[in-house]
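Peer 1: Provided herewith is a single structure, encoded as structure tokens, for subsequent inquiry.
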2 protein chains.
Amino acid sequence: MTPDSRLQTPDSSSNSQLFIVNCSQLVTLAGPPRPRVGAEMRELSVVEDGAMLVRGGRIERVGTRAEVEPFVGAGAEVLDAGGRLVLPGFVDAHAHPVFAGNRADEFERRAAGASYEEIAARGGGIRSTVRRTRAATGDELFAAARRRGEWFLRTGTTTVEAKSGYGLSVEDELKMLRVVRRLDAAGALRYVPTFLGAHEVPDEYRARRGEYIALVVEEMLPRVAAEGLAEFCDVFCEGRVFNVEESRRILSAARAHGMALRVHADQLSLSGGALLAAELHAATADHLEHTDAAGVAALKSAGVQPVLLPGSVYALGSRRYPAAREMIDAGLALVLATDFNPGSSPTPSMTMILSLASTHMRMTPAEGITAATVNAAYSLRRGGEAGTLEAGKRADFVLHDCSDYRELAYFFGVEHAHAVYTGGREVFRRGGAFAAQDVDENNR
Amino acid sequence: MTPDSRLQTPDSSSNSQLFIVNCSQLVTLAGPPRPRVGAEMRELSVVEDGAMLVRGGRIERVGTRAEVEPFVGAGAEVLDAGGRLVLPGFVDAHAHPVFAGNRADEFERRAAGASYEEIAARGGGIRSTVRRTRAATGDELFAAARRRGEWFLRTGTTTVEAKSGYGLSVEDELKMLRVVRRLDAAGALRYVPTFLGAHEVPDEYRARRGEYIALVVEEMLPRVAAEGLAEFCDVFCEGRVFNVEESRRILSAARAHGMALRVHADQLSLSGGALLAAELHAATADHLEHTDAAGVAALKSAGVQPVLLPGSVYALGSRRYPAAREMIDAGLALVLATDFNPGSSPTPSMTMILSLASTHMRMTPAEGITAATVNAAYSLRRGGEAGTLEAGKRADFVLHDCSDYRELAYFFGVEHAHAVYTGGREVFRRGGAFAAQDVDENNR
């Protein structure tokens, strides 16, 4: 299916029924209408030999086949899952999917021994992506992101956050966010827009950073708000990027414009980002590799969700993973995300993140799936729509080529998704021999 | 394409020409007929805008389009690579792809805090795979491995080593190796068989390990040799499995039967495996996480190739990666492999291994590709057939969905292969939107 044919597919408002049967496990994550904490993160509400009924792009019923079948009308289309695992689409709550070019050249230099800092000093790092993103037209950015959008779908993600932050000028930040709006409107993968004008101080403002912050607060934010281009505002809070005071000023201004807040916090040092996120009652504090017990306690009392990004720890060759176990034990409603970006985390795959969480952060596969679906959805204010398979929610679901949810985190480096549906419509189906077979539980 | 249709496809001995054009980079790895060492590992012999001519399953010519085109006959089929990267198929020189069941349950227990040792003590670990593999019929093992074979192809591997070692009885080891023979005969993915009867001491011989070693030497090896079921013999040389003396006895007997040798060496401790591999002039010494400078020097003087397996280091949550940099600098003809198995390395993806090598072992993408193709092929005695794209070799090649070879190691957690050919025949082609587009260099 090409992107164009997707665009031309009739809308999901069709009122015919879709009846999904023969799921080895239907992982619903059904539960209270709030994110999961503590031991709840291990409860996935799995229906064995489950079935699901979809109508008008929404889930009508979920349960065992015997429970659901009486509600199947004449003319319903049957989708035989072939003994596969069925899960809600992943919700990737921290990503930078809009950019021009890539940084494979810098990746090579780092493998050969150059440090991230040396590369940045020579004009590389985020500055090189900013140069290329500024030089690209909106159409070029759209086309590149659309290609990468297939990666997200292929790896089972149906909703992705999309941050600006490679424009760093009024017009280029607006250009990025308008591309995000187009991507979301194009269908298939759903996008949630976040304004990240304070991702870095651009070169032309190096000697006058105060002026850049004023530009963000006085020009970018009002324009973004006036066009309704972002639901969230994020800041890279880190001593050498935007310090706590600067971050507070920007985030407070965003809140005054009605945006909810996310914060890049304590990634490279204990710089106070988690405490700031708590102070401002941000939706999320992201990264948290260096957050201490006081930071964890502050997030807990303020109801801030931690978004952990092990892909960037891995890709930077670091060994300092965030303290997921301690955060879960403290009762935080943990989220996992890819941090997909061309510098520090070039992976769009949430199952890769599940692998990292289980092998390097002592999270069980069930905790990982909760963090990657229902908890992530609530962190993006999509808890009422996505992240679980429950009646009334959008029919965003994925058939995976295995029979047990634990395999998603266990077998790594491969794509598990067999078919992906958003709003009840098929938006991806894998070719190859697997497509022609049922999953045989005994022989996997 | 289903497995069955693959089996029925006419053989590659067809004499029609296939002309591959429009490759952004044709990575040939052409060079002297031996594995690459030192700085040679960074020389991939890349032809920009390359072309290749295939006939009768073999490569006829490689070069620029202008160089190759004069030799294209009437009726040649044209394969437009769409601006994609073209590489030899990966050669995975250390894998355990034949087994029954999986160990996702133990993976979950380890994520929750149980140690590998605790799980083994409760009957888990390799012993659980041995139980299930013994209980499976040859047909069941074949079907399960055939499914996993598609994973290898989808991730760009065209030749894979296949070890026995989950049977641990005469009949069950023979059963495994006969399955490997059937898998190879079935076409598409090529298999190289290795006898690993000394993978572990089975439960029923725990109290009389000497008898198990005698069984391996006096019954298994002669039967395996008589049926011609293995080209290589491997031993898990490790204090608590088979010590150096026991390993020497088994490997020497295998050599007397005409088999070449591979050794699981120094994985969990510095147990002398590398020195033994050097003493016996084994083809490879594998793992080497604990090998010291004396071991590296011994491998060098004996011409033994190191096979490094970062997937198992990653999946075990360890931080002790083998010293790839030092081995390359010492002039060893390094090989990378997946160690695909249901316990310590559940990944079939060589590009995942390239990512690990670049992010955690300071190997450049070019060094990784050399280690995963030409060097791996020589370690399996397939250097004359596979591992490079040169006239006379088998036409085992892969079109990847990117324009630059560095992207294979850089973007991780996704499958890069777009189409896979073995012996000049298409054995895999990816569905989805990417399939319908050219790769646009500017917008990746």
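If you're wondering about the labels, chains in the structure tokens are A, B, ... by order shown, residues count from 1 in each chain, ligands from 1 in order shown.
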Per residue of chain A within 7 Å of chain B, what are the shortest atom pair and its distance in Å to one decimal, counting only C-alpha atoms, with rows by chain and residue number, as a Markdown table?
Peer 2:
| residue | atom | partner | partner_atom | distance |
| --- | --- | --- | --- | --- |
| A:Met1 | CA | B:Gly432 | CA | 5.5 |
| A:Thr2 | CA | B:Ala433 | CA | 4.4 |
| A:Pro3 | CA | B:Ala433 | CA | 6.1 |
| A:Ala100 | CA | B:Asn443 | CA | 5.9 |
| A:Gly101 | CA | B:Arg444 | CA | 5.0 |
| A:Asn102 | CA | B:Arg444 | CA | 6.0 |
| A:Ala104 | CA | B:Arg406 | CA | 5.8 |
| A:Phe107 | CA | B:Tyr410 | CA | 6.6 |
| A:Glu108 | CA | B:Thr364 | CA | 5.8 |
| A:Ala111 | CA | B:Arg362 | CA | 4.8 |
| A:Ala112 | CA | B:Thr364 | CA | 5.8 |
| A:Gly113 | CA | B:Arg362 | CA | 6.8 |
| A:Glu140 | CA | B:Asn443 | CA | 6.7 |
| A:Ala144 | CA | B:Asn443 | CA | 5.1 |
| A:Ala315 | CA | B:Thr359 | CA | 6.0 |
| A:Leu316 | CA | B:Thr359 | CA | 6.8 |
| A:Gly317 | CA | B:Thr359 | CA | 5.1 |
| A:Pro346 | CA | B:Phe411 | CA | 4.9 |
| A:Thr347 | CA | B:Phe412 | CA | 5.2 |
| A:Ser349 | CA | B:Gly413 | CA | 5.7 |
| A:Met352 | CA | B:Gly413 | CA | 5.4 |
| A:Ser358 | CA | B:Ala111 | CA | 5.2 |
| A:Thr359 | CA | B:Gly317 | CA | 5.2 |
| A:His360 | CA | B:Gly317 | CA | 5.5 |
| A:Arg362 | CA | B:Ala111 | CA | 4.8 |
| A:Met363 | CA | B:Ala111 | CA | 5.8 |
| A:Thr364 | CA | B:Ala111 | CA | 5.2 |
| A:Pro365 | CA | B:Glu108 | CA | 6.4 |
| A:Arg406 | CA | B:Ala104 | CA | 5.8 |
| A:Glu407 | CA | B:Ala104 | CA | 5.8 |
| A:Tyr410 | CA | B:Ala104 | CA | 6.1 |
| A:Phe411 | CA | B:Pro346 | CA | 4.9 |
| A:Phe412 | CA | B:Thr347 | CA | 5.2 |
| A:Gly413 | CA | B:Gly413 | CA | 4.7 |
| A:Val414 | CA | B:Glu415 | CA | 6.3 |
| A:Glu415 | CA | B:Val414 | CA | 6.3 |
| A:Phe428 | CA | B:Gly432 | CA | 6.5 |
| A:Arg429 | CA | B:Gly432 | CA | 6.9 |
| A:Arg430 | CA | B:Gly431 | CA | 5.8 |
| A:Gly431 | CA | B:Gly431 | CA | 4.8 |
| A:Gly432 | CA | B:Met1 | CA | 5.5 |
| A:Ala433 | CA | B:Thr2 | CA | 4.3 |
| A:Ala436 | CA | B:Thr2 | CA | 6.5 |
| A:Asn442 | CA | B:Gly101 | CA | 6.4 |
| A:Asn443 | CA | B:Ala144 | CA | 5.1 |
| A:Arg444 | CA | B:Gly101 | CA | 5.1 |
Peer 1: Using only C-alpha atoms, which protein or nucleic acid residues come within 8 Å of segment 37-49 of chain A? Drop anything in the same chain fewer than 3 positions from it, and give the result as a list in words.
Peer 2: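 Contacts, with the query itself left out: Val21, Asn22, Cys23, Ser24, Gln25, Leu26, Val27, Thr28, Leu29, Ala30, Gly31, Gly63, Thr64, Arg65, Ile328, Asp329, Ala330, Gly331, Leu332, Ala333, Leu334, Thr364, Ala366, Glu367, Thr370 and Ala371 of chain A.
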Peer 1: Once you have the residues from the selection above, write them out as a short mmCIF file (atom, residue, chain, number, x, y, z; two decimals), in the first residue's frame, restricted to C-alpha atoms.
Peer 2:
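The resulting file, again.cif, is reproduced below:
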data_model
loop_
_atom_site.label_atom_id
_atom_site.label_comp_id
_atom_site.auth_asym_id
_atom_site.auth_seq_id
_atom_site.Cartn_x
_atom_site.Cartn_y
_atom_site.Cartn_z
CA VAL A 21 -10.90 -13.30 15.97
CA ASN A 22 -8.31 -15.97 16.65
CA CYS A 23 -5.94 -13.83 18.73
CA SER A 24 -3.60 -15.98 20.83
CA GLN A 25 -3.56 -13.18 23.36
CA LEU A 26 -5.65 -10.03 23.16
CA VAL A 27 -3.75 -7.63 25.40
CA THR A 28 -6.36 -5.01 26.29
CA LEU A 29 -4.71 -3.11 29.16
CA ALA A 30 -8.27 -2.42 30.31
CA GLY A 31 -8.52 -0.73 33.68
CA GLY A 63 -13.77 -10.08 25.25
CA THR A 64 -13.72 -13.78 24.56
CA ARG A 65 -15.13 -14.85 21.25
CA ILE A 328 8.15 2.35 39.58
CA ASP A 329 8.62 1.42 43.21
CA ALA A 330 8.05 5.07 44.15
CA GLY A 331 4.65 4.92 42.43
CA LEU A 332 5.42 7.01 39.35
CA ALA A 333 3.34 6.39 36.21
CA LEU A 334 6.35 5.56 34.08
CA THR A 364 9.47 -6.80 33.01
CA ALA A 366 4.53 -6.29 31.03
CA GLU A 367 5.79 -3.14 32.72
CA THR A 370 2.18 -0.57 30.04
CA ALA A 371 4.76 2.22 29.83
#
Peer 1: Name the residues in contact with His281 of chain B at a cut-off of 8 Å, using only C-alpha atoms, excluding same-chain residues fewer than 4 positions from it; report them as a ChimeraX atom specification.
Peer 2: /B:261,277,302-304
Peer 1: With all heavy atoms retained, write the just-selected residues as a tab-separated table (two decimals), in the first residue's frame.
Peer 2:
chain	number	residue	atom	x	y	z
B	261	LEU	N	37.65	-26.83	13.05
B	261	LEU	CA	37.29	-26.60	14.45
B	261	LEU	C	36.87	-25.16	14.73
B	261	LEU	O	37.41	-24.22	14.16
B	261	LEU	CB	38.47	-26.97	15.35
B	261	LEU	CG	39.09	-28.35	15.10
B	261	LEU	CD1	40.26	-28.58	16.06
B	261	LEU	CD2	38.05	-29.45	15.23
B	277	ALA	N	42.33	-22.97	21.15
B	277	ALA	CA	41.99	-22.76	19.73
B	277	ALA	C	43.27	-22.53	18.92
B	277	ALA	O	43.42	-23.06	17.81
B	277	ALA	CB	41.04	-21.58	19.59
B	302	ALA	N	48.66	-18.20	15.35
B	302	ALA	CA	48.11	-19.45	14.80
B	302	ALA	C	47.14	-19.20	13.64
B	302	ALA	O	46.63	-20.16	13.05
B	302	ALA	CB	47.40	-20.22	15.91
B	303	GLY	N	46.84	-17.94	13.33
B	303	GLY	CA	45.92	-17.64	12.23
B	303	GLY	C	44.47	-18.00	12.53
B	303	GLY	O	43.70	-18.31	11.63
B	304	VAL	N	44.10	-17.93	13.80
B	304	VAL	CA	42.71	-18.22	14.19
B	304	VAL	C	41.89	-16.94	14.08
B	304	VAL	O	42.34	-15.88	14.52
B	304	VAL	CB	42.65	-18.76	15.63
B	304	VAL	CG1	41.21	-19.05	16.04
B	304	VAL	CG2	43.53	-20.00	15.78
Peer 1: Write out as JSON, numbers by chain which residues come within 6 Å of segment 285-288 of chain A when counting only C-alpha atoms, dropping same-chain ones fewer than 6 positions away.
Peer 2: {"A": [262, 263, 264, 265, 266, 267, 274, 277, 306, 307, 308, 309, 322]}
Peer 1: Mind dumping the selected residues with N, CA, C and O atoms as a PDB file, in the first residue's frame?
Peer 2:
ATOM      1  N   ARG A 262       6.278  19.736  28.913  1.00  0.00           N
ATOM      2  CA  ARG A 262       7.188  18.598  28.977  1.00  0.00           C
ATOM      3  C   ARG A 262       8.583  19.191  29.178  1.00  0.00           C
ATOM      4  O   ARG A 262       8.859  20.296  28.719  1.00  0.00           O
ATOM      5  N   VAL A 263       9.476  18.468  29.823  1.00  0.00           N
ATOM      6  CA  VAL A 263      10.813  19.017  30.100  1.00  0.00           C
ATOM      7  C   VAL A 263      11.884  17.963  29.838  1.00  0.00           C
ATOM      8  O   VAL A 263      11.799  16.852  30.382  1.00  0.00           O
ATOM      9  N   HIS A 264      12.877  18.299  29.007  1.00  0.00           N
ATOM     10  CA  HIS A 264      14.098  17.483  28.924  1.00  0.00           C
ATOM     11  C   HIS A 264      14.872  17.745  30.218  1.00  0.00           C
ATOM     12  O   HIS A 264      15.414  18.839  30.395  1.00  0.00           O
ATOM     13  N   ALA A 265      14.956  16.753  31.086  1.00  0.00           N
ATOM     14  CA  ALA A 265      15.440  17.013  32.451  1.00  0.00           C
ATOM     15  C   ALA A 265      16.529  16.043  32.874  1.00  0.00           C
ATOM     16  O   ALA A 265      16.393  14.831  32.700  1.00  0.00           O
ATOM     17  N   ASP A 266      17.594  16.582  33.431  1.00  0.00           N
ATOM     18  CA  ASP A 266      18.635  15.772  34.081  1.00  0.00           C
ATOM     19  C   ASP A 266      19.215  14.695  33.175  1.00  0.00           C
ATOM     20  O   ASP A 266      19.568  13.619  33.630  1.00  0.00           O
ATOM     21  N   GLN A 267      19.351  14.996  31.876  1.00  0.00           N
ATOM     22  CA  GLN A 267      19.911  13.982  30.985  1.00  0.00           C
ATOM     23  C   GLN A 267      21.413  13.840  31.168  1.00  0.00           C
ATOM     24  O   GLN A 267      21.932  12.733  31.293  1.00  0.00           O
ATOM     25  N   ALA A 274      14.127  17.963  36.849  1.00  0.00           N
ATOM     26  CA  ALA A 274      13.000  17.234  37.431  1.00  0.00           C
ATOM     27  C   ALA A 274      12.290  18.095  38.466  1.00  0.00           C
ATOM     28  O   ALA A 274      11.053  18.126  38.519  1.00  0.00           O
ATOM     29  N   ALA A 277      10.188  20.589  36.634  1.00  0.00           N
ATOM     30  CA  ALA A 277       8.979  19.955  36.086  1.00  0.00           C
ATOM     31  C   ALA A 277       7.930  19.787  37.178  1.00  0.00           C
ATOM     32  O   ALA A 277       6.733  20.014  36.950  1.00  0.00           O
ATOM     33  N   PRO A 306       7.330  10.382  34.483  1.00  0.00           N
ATOM     34  CA  PRO A 306       8.676  10.289  33.916  1.00  0.00           C
ATOM     35  C   PRO A 306       8.619   9.593  32.556  1.00  0.00           C
ATOM     36  O   PRO A 306       7.913   8.605  32.397  1.00  0.00           O
ATOM     37  N   VAL A 307       9.340  10.142  31.584  1.00  0.00           N
ATOM     38  CA  VAL A 307       9.456   9.517  30.263  1.00  0.00           C
ATOM     39  C   VAL A 307      10.909   9.087  30.092  1.00  0.00           C
ATOM     40  O   VAL A 307      11.797   9.930  29.973  1.00  0.00           O
ATOM     41  N   LEU A 308      11.136   7.780  30.117  1.00  0.00           N
ATOM     42  CA  LEU A 308      12.509   7.276  30.049  1.00  0.00           C
ATOM     43  C   LEU A 308      12.852   6.898  28.614  1.00  0.00           C
ATOM     44  O   LEU A 308      12.020   6.353  27.882  1.00  0.00           O
ATOM     45  N   LEU A 309      14.098   7.162  28.232  1.00  0.00           N
ATOM     46  CA  LEU A 309      14.519   7.089  26.834  1.00  0.00           C
ATOM     47  C   LEU A 309      15.795   6.266  26.704  1.00  0.00           C
ATOM     48  O   LEU A 309      16.867   6.791  26.381  1.00  0.00           O
ATOM     49  N   PRO A 322      18.484   5.334  33.232  1.00  0.00           N
ATOM     50  CA  PRO A 322      17.708   5.933  34.328  1.00  0.00           C
ATOM     51  C   PRO A 322      17.195   4.855  35.283  1.00  0.00           C
ATOM     52  O   PRO A 322      17.062   3.689  34.917  1.00  0.00           O
TER      53      PRO A 322
END
Peer 1: Work out how far atom CA of Gly295 of chain A is from atom CA of Ser379 of chain A, in Å to one decimal.
Peer 2: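 Interatomic distance here is 18.4 Å.
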Peer 1: Using DSSP on the backbone, list every residue of segment 140-311 of chain A that comes out as helix (DSSP H, G or I), and give them as number ranges by chain.
Peer 2: A: 140-154, 170-185, 203-227, 244-256, 273-279, 293-302, 310-311
